[in-house]
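Student: Got a structure here, written out as structure tokens. Questions coming.
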2 protein chains.
Amino acid sequence: MKSDRESAPMVALDFEKMGGLIPAIVQDEASGDVLMLAYMNAEAFRATLDTGQATFFSRSRQKLWVKGKTSGHLQLVKAVYLDCDADAILVKVEQVGGAACHTGYRSCFFRRASAMGLQIEGVPVFDPTEVYK
Amino acid sequence: MKSDRESAPMVALDFEKMGGLIPAIVQDEASGDVLMLAYMNAEAFRATLDTGQATFFSRSRQKLWVKGKTSGHLQLVKAVYLDCDADAILVKVEQVGGAACHTGYRSCFFRRASAMGLQIEGVPVFDPTEVYK
């Protein structure tokens with residue numbers, strides 16, 4: 001529990017269930033669109049509150065990740081919520097550049113699933129080959 | 001990969017990253033409110049698509065869980081989305097009874113976090129002692 005106390009003295013998060021990580025939902029504050037889901041460790045949670053820029057822990061790179069640092073498409077934090085079990089986080093943001101997904105779509109959830117398969121909804125906001133050079 | 005093919009032949013989900021589970025965000029289709037986050041295994045994902053009732057895998061009880069089966073507060077599925085990495089699910093629902101959280105709040109994310117601590121936002125929709133008898 002040491003990391004919890006260090007990261008946010010008055011907020012007890014349950015990092016135990018998932019080996020130090022908690023899933024964080026990112027929602028566009030203005031439109032209500034769910035943009036993405038990523039993971040925070042205690043340090044990322046603290047950085048998100050302290051800096052006002054959504055910060056995650058990258059499972060693939062195993063390090064802190066300020067969303068948009070490479071693309072310029074930062075997520076400016078408007079509000080942070082915890083769920084009833086304190087094992088999920090909701091971050092309401094202003095999405096700089098209008099798109100959260102590295103594929104160029106506004107939301108990472110641009111594929112609709114049904115018994116028939118997947119269907120793409122929406123159009124890309126940017127061309128990833130131009131943004132990630 | 002066998003379970004993926006069985007559950008939804010034309011949808012390839014990445015159940016490997018989290019030992020057979022994928023986080024599923026539940027969003028109220030009408031209001032856009034994020035209601036809760038739970039987990040699906042392949043069977044829960046299939047049941048959600050097939051029955052039209054949001055179905056999860058309970059990590060604490062280690063079994064399938066039709067949300068609202070006890071309380072009557074079912075979640076009627078309006079649309080299901082996968083994210084770009086196919087390792088997160090977004091379910092848009094009509095929330096029967098108006099509240100998703102077992103505490104009686106509309107959303108499980110009723111506690112706002114800041115450097116100052118936690119603050120409750122919103123009011124309970126139902127009294128849990130009346131609903132869960």
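Just remember, in the structure tokens the first chain shown is A, the second B, etc., residues are 1-based per chain, and ligands are 1-based in the order shown.
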Sorted by chain and rising residue number, which residues of chain B lie within 8 Å of chain A, and what are their closest atom pairs and distances in Å to one decimal, counting only C-alpha atoms, as CSV?

Tutor:
residue,atom,partner,partner_atom,distance
B:Ala8,CA,A:Ala115,CA,6.8
B:Pro9,CA,A:Gly117,CA,7.7
B:Met10,CA,A:Gly117,CA,4.7
B:Val11,CA,A:Gly117,CA,5.5
B:Pro23,CA,A:Pro23,CA,7.9
B:Ile25,CA,A:Ile25,CA,7.7
B:Gly32,CA,A:Gly32,CA,5.4
B:Asp33,CA,A:Gly32,CA,7.1
B:Met36,CA,A:Asp83,CA,7.3
B:Leu37,CA,A:Ala88,CA,6.8
B:Leu49,CA,A:Ser114,CA,6.4
B:Asp50,CA,A:Ala115,CA,7.4
B:Ala79,CA,A:Arg112,CA,7.2
B:Val80,CA,A:Ala113,CA,5.4
B:Tyr81,CA,A:Arg112,CA,4.3
B:Leu82,CA,A:Phe109,CA,5.3
B:Asp83,CA,A:Phe109,CA,4.2
B:Cys84,CA,A:Cys108,CA,5.3
B:Ala88,CA,A:Leu37,CA,6.8
B:Ile89,CA,A:Phe109,CA,7.7
B:Leu90,CA,A:Phe109,CA,7.0
B:Cys101,CA,A:Cys84,CA,7.6
B:Thr103,CA,A:Cys84,CA,7.6
B:Cys108,CA,A:Asp83,CA,4.8
B:Phe109,CA,A:Asp83,CA,4.2
B:Phe110,CA,A:Asp83,CA,6.6
B:Arg111,CA,A:Tyr81,CA,5.4
B:Arg112,CA,A:Tyr81,CA,4.3
B:Ala113,CA,A:Val80,CA,5.4
B:Ser114,CA,A:Leu49,CA,6.4
B:Ala115,CA,A:Leu49,CA,6.5
B:Met116,CA,A:Met10,CA,7.0
B:Gly117,CA,A:Met10,CA,4.7
B:Leu118,CA,A:Val11,CA,6.5

Student: Apply DSSP to the backbone of this structure and, from segment 40-123 of chain A, keep only the residues in helix (DSSP H, G or I); write these as a list in words.

Tutor: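 Helix (DSSP H, G or I) members of segment 40-123 of chain A, listed: Ala42, Glu43, Ala44, Phe45, Arg46, Ala47, Thr48, Leu49, Asp50 and Thr51 of chain A.
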
Student: Okay, now the selection with all heavy atoms, as a short mmCIF file (atom, residue, chain, number, x, y, z; two decimals), in the first residue's frame?

Tutor:
data_model
loop_
_atom_site.label_atom_id
_atom_site.label_comp_id
_atom_site.auth_asym_id
_atom_site.auth_seq_id
_atom_site.Cartn_x
_atom_site.Cartn_y
_atom_site.Cartn_z
N ALA A 42 0.49 3.87 -9.96
CA ALA A 42 0.35 4.96 -8.98
C ALA A 42 1.04 6.24 -9.48
O ALA A 42 0.51 7.34 -9.32
CB ALA A 42 0.95 4.52 -7.64
N GLU A 43 2.19 6.07 -10.13
CA GLU A 43 2.93 7.23 -10.62
C GLU A 43 2.17 7.95 -11.74
O GLU A 43 2.13 9.19 -11.78
CB GLU A 43 4.30 6.76 -11.12
CG GLU A 43 5.28 7.87 -11.37
CD GLU A 43 6.62 7.34 -11.90
OE1 GLU A 43 6.81 6.10 -11.96
OE2 GLU A 43 7.47 8.17 -12.26
N ALA A 44 1.56 7.18 -12.62
CA ALA A 44 0.80 7.78 -13.72
C ALA A 44 -0.43 8.52 -13.18
O ALA A 44 -0.78 9.60 -13.67
CB ALA A 44 0.37 6.69 -14.71
N PHE A 45 -1.06 7.93 -12.18
CA PHE A 45 -2.24 8.58 -11.58
C PHE A 45 -1.83 9.91 -10.96
O PHE A 45 -2.49 10.93 -11.16
CB PHE A 45 -2.87 7.65 -10.53
CG PHE A 45 -4.10 8.21 -9.89
CD1 PHE A 45 -5.29 8.30 -10.59
CD2 PHE A 45 -4.07 8.66 -8.57
CE1 PHE A 45 -6.44 8.83 -10.00
CE2 PHE A 45 -5.21 9.19 -7.98
CZ PHE A 45 -6.39 9.28 -8.70
N ARG A 46 -0.74 9.88 -10.21
CA ARG A 46 -0.27 11.11 -9.59
C ARG A 46 0.09 12.15 -10.64
O ARG A 46 -0.27 13.33 -10.54
CB ARG A 46 0.96 10.83 -8.70
CG ARG A 46 1.52 12.09 -8.06
CD ARG A 46 2.62 11.77 -7.08
NE ARG A 46 3.64 10.91 -7.66
CZ ARG A 46 4.64 10.35 -6.99
NH1 ARG A 46 4.75 10.55 -5.69
NH2 ARG A 46 5.53 9.59 -7.60
N ALA A 47 0.79 11.73 -11.69
CA ALA A 47 1.18 12.67 -12.75
C ALA A 47 -0.04 13.26 -13.45
O ALA A 47 -0.06 14.44 -13.80
CB ALA A 47 2.09 11.96 -13.76
N THR A 48 -1.06 12.44 -13.64
CA THR A 48 -2.29 12.92 -14.28
C THR A 48 -2.92 14.03 -13.45
O THR A 48 -3.32 15.07 -13.99
CB THR A 48 -3.28 11.75 -14.46
OG1 THR A 48 -2.69 10.79 -15.33
CG2 THR A 48 -4.61 12.22 -15.03
N LEU A 49 -3.01 13.81 -12.13
CA LEU A 49 -3.58 14.84 -11.26
C LEU A 49 -2.67 16.06 -11.16
O LEU A 49 -3.13 17.20 -11.18
CB LEU A 49 -3.82 14.28 -9.85
CG LEU A 49 -4.99 13.30 -9.67
CD1 LEU A 49 -5.13 12.90 -8.20
CD2 LEU A 49 -6.32 13.89 -10.16
N ASP A 50 -1.38 15.83 -11.06
CA ASP A 50 -0.44 16.93 -10.82
C ASP A 50 -0.21 17.79 -12.05
O ASP A 50 -0.11 19.02 -11.95
CB ASP A 50 0.91 16.39 -10.33
CG ASP A 50 0.84 15.87 -8.91
OD1 ASP A 50 -0.21 16.06 -8.26
OD2 ASP A 50 1.83 15.27 -8.45
N THR A 51 -0.11 17.17 -13.22
CA THR A 51 0.26 17.92 -14.43
C THR A 51 -0.95 18.37 -15.24
O THR A 51 -0.84 19.27 -16.08
CB THR A 51 1.15 17.08 -15.37
OG1 THR A 51 0.36 15.99 -15.88
CG2 THR A 51 2.36 16.53 -14.64
#

Student: Got a sec to tell me which of segment 4-129 of chain B DSSP assigns to strand (DSSP E or B), as number ranges by chain?

Tutor: B: 22-28, 34-40, 53, 55-58, 63-66, 75-82, 89-95, 111-114, 117-120

Student: Show me, as a list in words, the residues that have an atom within 8 Å of Tyr132 of chain A when counting only C-alpha atoms, minus same-chain residues fewer than 2 positions from it.

Tutor: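 Surrounding residues, per the criterion: Thr70, Ser71, Pro128, Thr129 and Glu130 of chain A.
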
Student: Write out as a list in words which residues come within 8 Å of Leu74 of chain A when counting only C-alpha atoms, dropping same-chain ones fewer than 2 positions away.

Tutor: Gln53, Ala54, Val66, Lys67, Gly68, Lys69, Ser71, Gly72, Leu76, Gln95, Val96 and Gly97 of chain A

Student: Kindly give the distance, in Å, that separates atom CA of His73 of chain B and atom CA of Val93 of chain B, rounded to a single decimal.

Tutor: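 One can read the atom CA of His73 of chain B to atom CA of Val93 of chain B distance as 11.5 Å.
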